[in-house]
Protein chains: 6
Amino acid sequence: MYLPETLLKQKLLDFLKSDLAWGDITTDLLIPPEKQAEAFILIKEPAILAGLYESIILFSALGIKTESPYQDGEKIKENTKILFLKGKARDILIVERTALNILMRMTSIATQTYKLQEKIKTIGSRSKVAATRKTLPGWGYFDKKAVAIGGGDTHRFNLSDLVLIKDNHLILFGNLINAIKKVKEKISFTKKIEVEVCTPEEALFAAQAGADIIMLDNFSPSEVKKTIEKLEQKGLRGKVILEVSGGINFENILDYAIYNPDIISCGALTHSVKAIDMSLKIIL
Amino acid sequence: MYLPETLLKQKLLDFLKSDLAWGDITTDLLIPPEKQAEAFILIKEPAILAGLYESIILFSALGIKTESPYQDGEKIKENTKILFLKGKARDILIVERTALNILMRMTSIATQTYKLQEKIKTIGSRSKVAATRKTLPGWGYFDKKAVAIGGGDTHRFNLSDLVLIKDNHLILFGNLINAIKKVKEKISFTKKIEVEVCTPEEALFAAQAGADIIMLDNFSPSEVKKTIEKLEQKGLRGKVILEVSGGINFENILDYAIYNPDIISCGALTHSVKAIDMSLKIIL
Amino acid sequence: MYLPETLLKQKLLDFLKSDLAWGDITTDLLIPPEKQAEAFILIKEPAILAGLYESIILFSALGIKTESPYQDGEKIKENTKILFLKGKARDILIVERTALNILMRMTSIATQTYKLQEKIKTIGSRSKVAATRKTLPGWGYFDKKAVAIGGGDTHRFNLSDLVLIKDNHLILFGNLINAIKKVKEKISFTKKIEVEVCTPEEALFAAQAGADIIMLDNFSPSEVKKTIEKLEQKGLRGKVILEVSGGINFENILDYAIYNPDIISCGALTHSVKAIDMSLKIIL
Amino acid sequence: MYLPETLLKQKLLDFLKSDLAWGDITTDLLIPPEKQAEAFILIKEPAILAGLYESIILFSALGIKTESPYQDGEKIKENTKILFLKGKARDILIVERTALNILMRMTSIATQTYKLQEKIKTIGSRSKVAATRKTLPGWGYFDKKAVAIGGGDTHRFNLSDLVLIKDNHLILFGNLINAIKKVKEKISFTKKIEVEVCTPEEALFAAQAGADIIMLDNFSPSEVKKTIEKLEQKGLRGKVILEVSGGINFENILDYAIYNPDIISCGALTHSVKAIDMSLKIIL
Amino acid sequence: MYLPETLLKQKLLDFLKSDLAWGDITTDLLIPPEKQAEAFILIKEPAILAGLYESIILFSALGIKTESPYQDGEKIKENTKILFLKGKARDILIVERTALNILMRMTSIATQTYKLQEKIKTIGSRSKVAATRKTLPGWGYFDKKAVAIGGGDTHRFNLSDLVLIKDNHLILFGNLINAIKKVKEKISFTKKIEVEVCTPEEALFAAQAGADIIMLDNFSPSEVKKTIEKLEQKGLRGKVILEVSGGINFENILDYAIYNPDIISCGALTHSVKAIDMSLKIIL
Amino acid sequence: MYLPETLLKQKLLDFLKSDLAWGDITTDLLIPPEKQAEAFILIKEPAILAGLYESIILFSALGIKTESPYQDGEKIKENTKILFLKGKARDILIVERTALNILMRMTSIATQTYKLQEKIKTIGSRSKVAATRKTLPGWGYFDKKAVAIGGGDTHRFNLSDLVLIKDNHLILFGNLINAIKKVKEKISFTKKIEVEVCTPEEALFAAQAGADIIMLDNFSPSEVKKTIEKLEQKGLRGKVILEVSGGINFENILDYAIYNPDIISCGALTHSVKAIDMSLKIIL
């Protein structure tokens with residue numbers, strides 16, 4: 001998900017612009033235009049850092065010098081100064097809130113993801129945590145990038161980079177196997193095909209029909225187990241990627257992880273974010 | 001915060017566009033262009049509904065007919081069908097996720113706000129819950145609107161509609177009272193002036209200097225009490241709006257509310273959102 | 001109204017782009033790409049300078065070096081060189097007209113505002129001149145900023161930063177006092193409430209109902225006087241800001257100013273601008 | 001200058017959006033969403049109507065029905081109702097100011113242009129009034145269109161549709177005749193070539209070198225006369241279009257018009273606009 | 001690649017806007033605003049129709065009624081009327097050129113693709129023709145869609161929907177097998193991995209390392225043959241998709257197709273387009 | 001057609017952005033962020049170089065240093081290194097394809113134009129080759145600029161910089177001579193008037209009515225000859241510019257050129273482009 005600074009800058013400045021509206025009326029009156037300042041951003045809880053790349057681009061876009069001993073993806077202790085700033089005082093104050101809002105959401109998502117993945121490893125499971133498309137509209141890039149930084153799988157970015165046949169498609173189309181066949185015939189060789197199934201039997205049919213990925217939607221742990229056994233019996237387990245999805249959270253994830261599905265996806269990674277606290281301090 | 005449909009539509013279509021990228025490759029292959037469908041959106045938990053106005057605009061922008069027995073701000077029971085849709089099957093499926101993501105975040109924020117405000121009322125407090133500027137970049141309008149729907153105060157929208165002198169301004173400017181004086185002299189008569197203070201004494205000075213609003217930042221409940229007493233002694237309590245801010249959450253809010261500060265602001269309303277689950281079902 | 005250079009630049013380049021269309025066909029043929037030139041901008045009449053900040057951003061955005069002994073807000077004599085330029089000859093010529101058009105309008109507005117404010121001071125009045133929302137669509141920021149530079153009050157920036165209940169709202173809503181009550185109950189604590197009234201009696205009602213600002217719309221000077229007297233009798237004069245508005249111009253402004261209303265607003269400041277002449281001269 | 005409604009609408013909605021910012025907070029609280037209203041726009045002074053097309057597009061874009069007995073370009077008496085509106089009360093109020101600001105500027109420009117052109121006709125002159133590029137940045141289309149509606153010539157739209165060799169080009173290039181030659185050799189056959197000259201002699205040289213249009217810049221009336229005589233002597237008068245420009249206003253225009261230059265251009269048409277008053281009235 | 005009309009419309013209107021600039025000055029003077037007309041678009045050569053969907057959206061966006069007996073993808077004979085139009089004469093004339101330019105390019109690409117695919121079929125080959133990323137900047141969606149309509153494979157849409165390790169990546173990274181391993185470890189399970197190779201040996205290594213797709217870059221037909229034999233010997237032919245690329249054209253394609261590589265990609269499909277002639281005729 | 005770097009950069013980055021979508025997933029995994037590289041662009045066939053200015057702007061926008069011994073418009077031999085690059089390896093790889101696509105199309109158009117113009121010169125004809133409006137939507141600027149670089153005439157840029165009365169206008173308006181008269185009366189003095197005619201007689205009428213340019217549409221060479229003779233007989237040949245258009249290609253152009261029409265326009269210059277091959281090579 002590498003975007004060069006020049007392109008990301010445009011998006012980040014749009015964020016800033018919507019916060020500035022007709023200009024900052026407070027700094028305008030209190031802070032002389034040329035006054036210089038130094039500042040740092042403090043993270044108050046332990047976290048996996050994310051959004052540093054974006055914050056640096058945003059501060060730099062206004063001519064503020066930045067320096068950080070850290071990188072996105074690093075494990076940070078509580079009360080750590082993660083970014084040092086030097087430049088026009090006005091501009092530091094203007095970017096402050098937008099940069100913190102970005103850092104806090106991205107770091108929170110990365111940290112949540114990391115914790116979930118670590119929990120899975122505690123029982124020796126090989127399953128990988130993945131995001132869903134339950135990202136915030138307009139924030140898809142940032143949400144997915146934070147998941148990746150936290151060690152999770154981004155899943156598809158949008159509606160054009162993976163075929164994902166969901167329950168609603170099948171209600172309209174009719175038949176699971178025919179749907180897979182039709183798609184395989186027409187779809188670009190560059191795309192994978194994923195199918196959402198509701199029963200172990202459907203999972204088997206989907207694998208036989210040639211789906212690349214099978215999403216076991218709202219399966220109980222025992223249904224997941226049963227599905228895997230059926231696929232192994234038919235010699236199909238190695239031919240498909242299994243994704244477990246629906247209602248999985250920090251509490252119940254190990255019940256699934258123990259069966260080693262390839263992927264465990266979890267909407268809460270991006271739709272229910274508990275912010276990690278940060279603040280910006282001016283140094284005289 | 002009334003924006004007419006025509007203007008909101010542009011923003012909402014931008015959201016949709018970023019999810020569609022080069023087009024939906026799944027519906028393209030499985031759903032015939034002219035196939036019609038009906039569908040509904042189901043909310044699975046009790047909630048204060050928000051985002052319905054936005055969802056309806058988005059579905060309508062693609063020619064999908066909508067009907068809802070509810071309005072934003074209504075209290076909804078679990079497992080309620082909140083919106084009925086009729087139109088091209090392809091387009092319903094394409095809007096599904098973006099609309100749900102908007103509805104889920106806005107409804108979750110409105111519901112959190114409502115619960116917090118209700119909790120305050122249980123002890124007969126007159127304090128009002130308010131949002132902060134810890135909204136998501138690019139989502140300020142939607143986050144604030146959801147807070148308003150939930151019965152909270154939006155607080156300032158951006159850096160240009162309220163003077164808010166914060167600790168960082170004062171570190172740079174030097175003197176609280178002079179800062180208020182300087183701003184009062186220059187600022188448009190249409191704007192209020194708020195000042196963030198760290199001690200009851202500063203609160204008193206700020207009130208005497210003519211601030212319209214005083215933010216008691218990271219005060220303990222007893223400091224809040226002490227501040228209010230001081231202001232009352234000087235006959236200044238009725239002349240300023242008191243906002244309590246910093247570290248306030250569902251657990252400790254009543255410790256503050258009991259002293260009836262005018263406003264209790266809470267960043268978590270928008271930076272830590274636990275999503276309320278919803279889904280869209282196609283009806284054959 | 002402080003906007004950092006990086007954000008203003010985007011808006012200013014949009015202006016330039018619309019003037020360039022498919023490119024400058026004259027300089028393309030006559031001026032070699034690398035040819036350097038120096039130039040200056042000359043102001044031909046005495047003025048209060050405004051738009052210098054914007055011009056410098058625009059020239060700099062094309063790599064042209066700028067130098068000016070002046071700042072926005074300074075009183076400039078006729079035939080003064082206000083800005084010195086050095087850079088690619090082509091680019092100086094391309095920006096010339098757009099920069100002059102910005103400088104001329106902003107300087108003209110600032111100068112008009114300044115003269116009006118000075119006139120008021122001649123009789124010792126404390127009234128402050130203010131702009132209205134009769135700014136040019138797309139030019140709100142620049143028009144308001146020029147008013148501020150000229151020493152006037154910007155008034156509200158847009159429809160979201162001040163409640164202003166106008167005659168048309170009241171025709172639809174019905175009752176002045178109820179309207180104020182309804183707004184006070186619901187509006188964010190960060191916003192002021194202004195009401196437009198048509199008679200001294202209405203002004204009194206509005207003040208009693210708790211409006212922050214009262215606009216005396218199309219009042220004769222004697223009605224203004226009467227209104228102020230009534231408010232003073234009730235002890236309300238100090239509790240509200242009085243704005244006089246409607247049909248006020250350079251000729252009749254002192255008839256109002258003599259009664260010291262807080263604000264005298266004047267649409268002509270931005271809707272009827274008489275340009276101050278400037279030109280750009282190339283130095284060989 | 002015909003732009004279809006669909007394209008103009010985008011530009012006009014951008015204007016509206018910048019005035020609405022985060023939404024209209026006044027109508028939001030006072031006017032119920034579905035409340036209908038009727039209204040009309042009143043013009044208070046006699047004028048040549050312009051901007052009606054744009055206003056109608058803007059109101060229509062929000063679903064407001066419009067009806068007008070007039071068209072752009074018509075001569076309107078004072079106190080005339082020029083546009084009738086019917087639709088959601090909220091939306092009428094929201095568009096009100098933006099539409100009036102557009103109508104007032106465009107009508108004012110058209111009326112000024114018309115009066116200047118009429119004045120010229122009083123002495124039987126065949127000269128045509130033209131605008132310059134001293135239009136407001138971002139408003140080029142609207143300013144020029146208003147001039148055209150008032151019966152004036154739009155002059156060039158931007159830097160790409162006419163070659164105009166100005167004094168600054170010549171300072172850099174060196175030689176008037178060579179400049180014309182170089183341009184004639186290279187320029188597309190679809191473009192005309194205009195040259196700005198400072199003396200009657202230069203005018204003659206320019207005509208001989210094949211310029212299509214000659215701008216007599218800052219000529220006194222007698223110099224204009226002399227130039228025309230020289231051109232007639234050489235049989236060149238009919239081969240070039242003569243434009244008189246620089247310092248021409250309502251007072252001195254007839255001193256030039258009497259010699260029948262083809263074009264008299266006047267920056268004041270767009271840089272010094274005295275607004276014609278209009279207002280919108282709600283009908284219950 | 002399904003994009004709903006509402007989203008495509010924005011892009012298409014941007015195209016139109018750049019052609020209209022400051023408005024159509026010819027129709028403005030000659031065609032009365034309300035004059036209605038009918039028209040049709042004629043295709044002069046046999047073709048596979050593409051761009052009809054886009055043209056219809058564009059004409060409809062200006063309120064022009066459209067009717068066509070055809071659909072994108074249909075085989076059309078020479079001198080066929082493919083689209084009938086009815087609406088404002090001005091608007092038909094304004095859209096004419098933009099619509100024709102879109103139709104001509106898309107139809108030409110679809111037709112070229114179709115012919116190439118048909119040629120392959122003549123020898124019974126199962127190879128499928130594919131586009132490359134040599135599409136026109138800003139036209140990626142349209143170029144790829146035209147290829148799909150012509151029966152070709154779109155290949156990847158952009159840099160984010162397929163991992164494609166090219167020669168330049170390997171020069172920088174060093175080792176083919178390690179590159180594949182590193183990518184497989186980190187990349188989302190939703191993406192395929194393609195590797196560009198230069199020799200049959202590299203192809204074998206890539207297959208063994210687990211690439212999903214192998215691009216045989218600039219291979220001679222005999223090298224392709226040799227590669228396929230090697231893969232078959234190792235039992236790997238069925239595990240990878242083989243793409244032949246580089247220097248393939250209408251003349252030599254059968255030399256490759258005979259060996260049944262899965263994909264034959266051909267940059268000329270989009271970078272060297274010979275337009276199929278069309279025109280729009282007004283019917284009185 | 002000179003556009004300064006700052007303005008062109010925005011357009012070029014939009015191109016790049018659409019190719020990057022959610023970021024480059026290949027370089028992200030294989031190329032370390034800070035890794036530096038050098039590279040060059042190689043042109044494989046002889047050509048007239050065009051698009052170098054645009055490529056340099058694009059690479060520079062990402063901080064890549066560029067150096068070239070060539071300029072747009074130069075004749076380049078096969079296998080020439082036209083541009084040397086130095087910078088972040090990731091960014092060179094990301095820009096590679098977009099830059100090549102721009103260079104290849106622009107160079108191909110310039111080369112085609114040049115060859116056609118050279119062919120005309122072989123018989124001593126003075127006719128100049130011109131483009132049409134059959135450029136790619138969104139690519140008008142680049143297509144026309146490439147034609148200019150190749151030595152051709154750009155013809156009009158868009159619908160607002162030349163009056164061009166075409167057959168469809170006349171079908172709707174009725175009468176050729178009246179159409180010219182009406183336009184001459186109303187059109188700005190800055191614009192030329194061109195008329196498309198179908199017979200030598202119409203050409204004569206058009207010249208007599210005062211058209212500046214006459215387009216002989218789909219004339220046979222002998223009709224062109226006859227038209228020129230008629231105009232010469234009436235002494236009108238020198239008063240109008242003659243453009244020959246319709247069905248002219250590399251094969252038949254000399255049949256027209258021999259009669260020295262001023263302009264021979266050829267849609268194929270931009271609608272049927274055969275790409276000249278180029279590639280980018282990384283140097284370790």
# chains A, B, ... in the order shown; residues from 1 in each chain; ligands from 1
>>> closest_atom_pairs(of="chain C", to="chain F", cutoff="10 Å", atoms="only C-alpha atoms", output="tab-separated table")
residue	atom	partner	partner_atom	distance
C:Gln10	CA	F:Gln10	CA	10.0
C:Leu13	CA	F:Leu7	CA	7.2
C:Asp14	CA	F:Leu7	CA	8.7
C:Leu16	CA	F:Leu7	CA	8.5
C:Lys17	CA	F:Leu7	CA	6.8
C:Leu20	CA	F:Leu3	CA	7.3
C:Ala21	CA	F:Leu3	CA	8.7
C:Trp22	CA	F:Met1	CA	5.9
C:Gly23	CA	F:Met1	CA	4.1
C:Asp24	CA	F:Tyr2	CA	5.0
C:Ile25	CA	F:Met1	CA	5.0
C:Thr26	CA	F:Met1	CA	8.4
C:Thr27	CA	F:Tyr2	CA	7.4
C:Asp28	CA	F:Tyr2	CA	5.3
C:Leu29	CA	F:Tyr2	CA	8.9
C:Pro33	CA	F:Tyr2	CA	9.1
C:Ala61	CA	F:Thr6	CA	7.0
C:Leu62	CA	F:Thr6	CA	6.1
C:Gly63	CA	F:Thr6	CA	8.8
C:Arg90	CA	F:Pro4	CA	8.5
C:Asp91	CA	F:Pro4	CA	6.9
C:Ile94	CA	F:Pro4	CA	8.6
>>> residues_around(residues="stretch 146-156 of chain B", least_positions_apart="4", cutoff="10 Å", atoms="only C-alpha atoms", output="MDAnalysis selection string")
(chainID B and resid 1 47:51 72:75 103 105:118 128:133 140:142 160:164 263:265 269:270) or (chainID C and resid 161 186:191)
>>> residues_around(residues="F:Ser55", least_positions_apart="4", cutoff="10 Å", atoms="only C-alpha atoms", output="list in words")
Lys9, Leu12, Ala50, Gly51, Phe59, Ser60, Ala61, Thr66, Leu83, Val95, Glu96, Thr98, Ala99, Leu100, Asn101, Ile102 and Leu103 of chain F
>>> write_last_selection(atoms="all heavy atoms", output="short mmCIF file (atom, residue, chain, number, x, y, z; two decimals), in the first residue's frame")
data_model
loop_
_atom_site.label_atom_id
_atom_site.label_comp_id
_atom_site.auth_asym_id
_atom_site.auth_seq_id
_atom_site.Cartn_x
_atom_site.Cartn_y
_atom_site.Cartn_z
N LYS F 9 1.58 20.09 -13.10
CA LYS F 9 1.85 19.06 -12.10
C LYS F 9 0.57 18.47 -11.53
O LYS F 9 0.46 17.26 -11.34
CB LYS F 9 2.70 19.67 -10.98
CG LYS F 9 3.30 18.67 -10.04
CD LYS F 9 4.34 19.31 -9.12
CE LYS F 9 3.73 20.35 -8.20
NZ LYS F 9 4.73 20.85 -7.22
N LEU F 12 -0.94 16.03 -13.95
CA LEU F 12 -0.12 14.83 -14.10
C LEU F 12 -0.21 13.95 -12.85
O LEU F 12 -0.22 12.71 -12.95
CB LEU F 12 1.33 15.23 -14.39
CG LEU F 12 1.51 15.95 -15.75
CD1 LEU F 12 2.89 16.61 -15.84
CD2 LEU F 12 1.32 14.98 -16.92
N ALA F 50 8.39 14.28 -27.88
CA ALA F 50 7.37 15.12 -27.24
C ALA F 50 6.94 14.47 -25.94
O ALA F 50 6.95 13.24 -25.82
CB ALA F 50 6.17 15.31 -28.17
N GLY F 51 6.59 15.30 -24.97
CA GLY F 51 6.18 14.77 -23.66
C GLY F 51 7.33 14.78 -22.65
O GLY F 51 7.15 14.38 -21.50
N PHE F 59 8.20 13.27 -12.82
CA PHE F 59 9.26 12.67 -12.00
C PHE F 59 9.69 13.66 -10.90
O PHE F 59 9.86 13.29 -9.74
CB PHE F 59 10.47 12.28 -12.86
CG PHE F 59 10.30 10.99 -13.61
CD1 PHE F 59 10.20 10.96 -15.00
CD2 PHE F 59 10.24 9.77 -12.93
CE1 PHE F 59 10.04 9.77 -15.70
CE2 PHE F 59 10.09 8.57 -13.62
CZ PHE F 59 9.98 8.57 -15.01
N SER F 60 9.86 14.91 -11.27
CA SER F 60 10.30 15.92 -10.29
C SER F 60 9.30 16.07 -9.15
O SER F 60 9.68 16.32 -8.01
CB SER F 60 10.49 17.28 -10.97
OG SER F 60 11.37 17.17 -12.07
N ALA F 61 8.02 15.94 -9.48
CA ALA F 61 6.98 16.10 -8.45
C ALA F 61 7.15 15.07 -7.34
O ALA F 61 6.69 15.27 -6.23
CB ALA F 61 5.60 15.98 -9.09
N THR F 66 16.15 14.69 -12.62
CA THR F 66 16.11 14.33 -14.03
C THR F 66 17.19 15.09 -14.79
O THR F 66 17.59 16.19 -14.39
CB THR F 66 14.75 14.71 -14.66
OG1 THR F 66 14.62 16.13 -14.58
CG2 THR F 66 13.59 14.05 -13.94
N LEU F 83 16.28 10.32 -21.29
CA LEU F 83 16.08 10.94 -19.97
C LEU F 83 16.77 10.09 -18.91
O LEU F 83 16.58 8.87 -18.88
CB LEU F 83 14.58 11.05 -19.68
CG LEU F 83 14.16 11.74 -18.38
CD1 LEU F 83 14.62 13.19 -18.35
CD2 LEU F 83 12.65 11.69 -18.21
N VAL F 95 6.34 5.82 -11.06
CA VAL F 95 6.05 6.78 -12.13
C VAL F 95 6.28 6.15 -13.50
O VAL F 95 5.70 6.58 -14.50
CB VAL F 95 6.91 8.05 -11.97
CG1 VAL F 95 6.59 9.06 -13.06
CG2 VAL F 95 6.68 8.68 -10.61
N GLU F 96 7.13 5.13 -13.54
CA GLU F 96 7.56 4.54 -14.81
C GLU F 96 6.47 4.45 -15.88
O GLU F 96 6.55 5.03 -16.95
CB GLU F 96 8.13 3.13 -14.55
CG GLU F 96 8.44 2.34 -15.83
CD GLU F 96 8.97 0.92 -15.55
OE1 GLU F 96 9.26 0.61 -14.37
OE2 GLU F 96 9.10 0.15 -16.52
N THR F 98 3.26 5.50 -16.05
CA THR F 98 2.51 6.71 -16.41
C THR F 98 3.37 7.62 -17.29
O THR F 98 2.89 8.15 -18.31
CB THR F 98 2.04 7.45 -15.14
OG1 THR F 98 1.20 6.57 -14.39
CG2 THR F 98 1.26 8.71 -15.48
N ALA F 99 4.62 7.79 -16.92
CA ALA F 99 5.51 8.66 -17.71
C ALA F 99 5.70 8.09 -19.12
O ALA F 99 5.63 8.81 -20.12
CB ALA F 99 6.84 8.83 -17.01
N LEU F 100 5.92 6.77 -19.20
CA LEU F 100 6.11 6.16 -20.53
C LEU F 100 4.85 6.30 -21.37
O LEU F 100 4.91 6.58 -22.56
CB LEU F 100 6.48 4.67 -20.37
CG LEU F 100 7.90 4.37 -19.88
CD1 LEU F 100 8.06 2.86 -19.67
CD2 LEU F 100 8.94 4.87 -20.88
N ASN F 101 3.70 6.11 -20.75
CA ASN F 101 2.45 6.22 -21.52
C ASN F 101 2.27 7.63 -22.08
O ASN F 101 1.79 7.80 -23.21
CB ASN F 101 1.25 5.83 -20.64
CG ASN F 101 1.18 4.32 -20.40
OD1 ASN F 101 1.89 3.54 -21.06
ND2 ASN F 101 0.36 3.91 -19.46
N ILE F 102 2.63 8.63 -21.30
CA ILE F 102 2.55 10.01 -21.78
C ILE F 102 3.57 10.25 -22.89
O ILE F 102 3.25 10.78 -23.96
CB ILE F 102 2.79 11.01 -20.62
CG1 ILE F 102 1.64 10.92 -19.61
CG2 ILE F 102 2.97 12.43 -21.13
CD1 ILE F 102 1.90 11.64 -18.29
N LEU F 103 4.80 9.87 -22.64
CA LEU F 103 5.86 10.06 -23.64
C LEU F 103 5.54 9.34 -24.94
O LEU F 103 5.74 9.89 -26.04
CB LEU F 103 7.19 9.53 -23.10
CG LEU F 103 8.04 10.48 -22.29
CD1 LEU F 103 9.13 9.71 -21.54
CD2 LEU F 103 8.69 11.55 -23.19
#
>>> select_by_dssp(residues="stretch 189-275 of chain E", states="alpha helix (DSSP H)", output="VMD selection string")
chain E and resid 200 to 209 221 to 233 253 to 257 268 to 271
>>> decode(residues="stretch 134-151 of chain C", atoms="N, CA and C atoms", output="PDB file, in the first residue's frame")
ATOM      1  N   LYS C 134     -22.914  40.036   1.770  1.00  0.00           N
ATOM      2  CA  LYS C 134     -23.002  40.420   0.352  1.00  0.00           C
ATOM      3  C   LYS C 134     -21.599  40.412  -0.264  1.00  0.00           C
ATOM      4  N   THR C 135     -20.914  39.348  -0.037  1.00  0.00           N
ATOM      5  CA  THR C 135     -19.601  39.149  -0.637  1.00  0.00           C
ATOM      6  C   THR C 135     -19.804  38.384  -1.940  1.00  0.00           C
ATOM      7  N   LEU C 136     -18.740  38.336  -2.737  1.00  0.00           N
ATOM      8  CA  LEU C 136     -18.895  37.665  -4.011  1.00  0.00           C
ATOM      9  C   LEU C 136     -18.796  36.146  -3.837  1.00  0.00           C
ATOM     10  N   PRO C 137     -19.750  35.396  -4.417  1.00  0.00           N
ATOM     11  CA  PRO C 137     -19.670  33.933  -4.302  1.00  0.00           C
ATOM     12  C   PRO C 137     -18.290  33.399  -4.708  1.00  0.00           C
ATOM     13  N   GLY C 138     -17.704  32.590  -3.855  1.00  0.00           N
ATOM     14  CA  GLY C 138     -16.375  32.045  -4.105  1.00  0.00           C
ATOM     15  C   GLY C 138     -15.281  32.949  -3.570  1.00  0.00           C
ATOM     16  N   TRP C 139     -15.625  34.175  -3.191  1.00  0.00           N
ATOM     17  CA  TRP C 139     -14.658  35.166  -2.746  1.00  0.00           C
ATOM     18  C   TRP C 139     -14.847  35.563  -1.295  1.00  0.00           C
ATOM     19  N   GLY C 140     -15.700  34.822  -0.580  1.00  0.00           N
ATOM     20  CA  GLY C 140     -16.022  35.172   0.803  1.00  0.00           C
ATOM     21  C   GLY C 140     -14.776  35.367   1.659  1.00  0.00           C
ATOM     22  N   TYR C 141     -13.868  34.402   1.602  1.00  0.00           N
ATOM     23  CA  TYR C 141     -12.659  34.502   2.414  1.00  0.00           C
ATOM     24  C   TYR C 141     -11.879  35.779   2.115  1.00  0.00           C
ATOM     25  N   PHE C 142     -11.686  36.055   0.815  1.00  0.00           N
ATOM     26  CA  PHE C 142     -10.864  37.204   0.436  1.00  0.00           C
ATOM     27  C   PHE C 142     -11.558  38.526   0.766  1.00  0.00           C
ATOM     28  N   ASP C 143     -12.849  38.603   0.502  1.00  0.00           N
ATOM     29  CA  ASP C 143     -13.590  39.829   0.783  1.00  0.00           C
ATOM     30  C   ASP C 143     -13.586  40.137   2.288  1.00  0.00           C
ATOM     31  N   LYS C 144     -13.858  39.112   3.099  1.00  0.00           N
ATOM     32  CA  LYS C 144     -13.907  39.311   4.548  1.00  0.00           C
ATOM     33  C   LYS C 144     -12.514  39.672   5.079  1.00  0.00           C
ATOM     34  N   LYS C 145     -11.517  38.989   4.556  1.00  0.00           N
ATOM     35  CA  LYS C 145     -10.165  39.270   5.036  1.00  0.00           C
ATOM     36  C   LYS C 145      -9.777  40.715   4.727  1.00  0.00           C
ATOM     37  N   ALA C 146     -10.174  41.199   3.553  1.00  0.00           N
ATOM     38  CA  ALA C 146      -9.866  42.581   3.189  1.00  0.00           C
ATOM     39  C   ALA C 146     -10.573  43.554   4.135  1.00  0.00           C
ATOM     40  N   VAL C 147     -11.787  43.245   4.506  1.00  0.00           N
ATOM     41  CA  VAL C 147     -12.507  44.094   5.466  1.00  0.00           C
ATOM     42  C   VAL C 147     -11.757  44.127   6.797  1.00  0.00           C
ATOM     43  N   ALA C 148     -11.318  42.959   7.241  1.00  0.00           N
ATOM     44  CA  ALA C 148     -10.582  42.892   8.506  1.00  0.00           C
ATOM     45  C   ALA C 148      -9.289  43.702   8.425  1.00  0.00           C
ATOM     46  N   ILE C 149      -8.592  43.576   7.303  1.00  0.00           N
ATOM     47  CA  ILE C 149      -7.349  44.332   7.139  1.00  0.00           C
ATOM     48  C   ILE C 149      -7.614  45.838   7.179  1.00  0.00           C
ATOM     49  N   GLY C 150      -8.745  46.239   6.634  1.00  0.00           N
ATOM     50  CA  GLY C 150      -9.102  47.665   6.636  1.00  0.00           C
ATOM     51  C   GLY C 150      -9.606  48.147   7.986  1.00  0.00           C
ATOM     52  N   GLY C 151      -9.680  47.241   8.942  1.00  0.00           N
ATOM     53  CA  GLY C 151     -10.085  47.645  10.280  1.00  0.00           C
ATOM     54  C   GLY C 151     -11.556  47.436  10.580  1.00  0.00           C
TER      55      GLY C 151
END
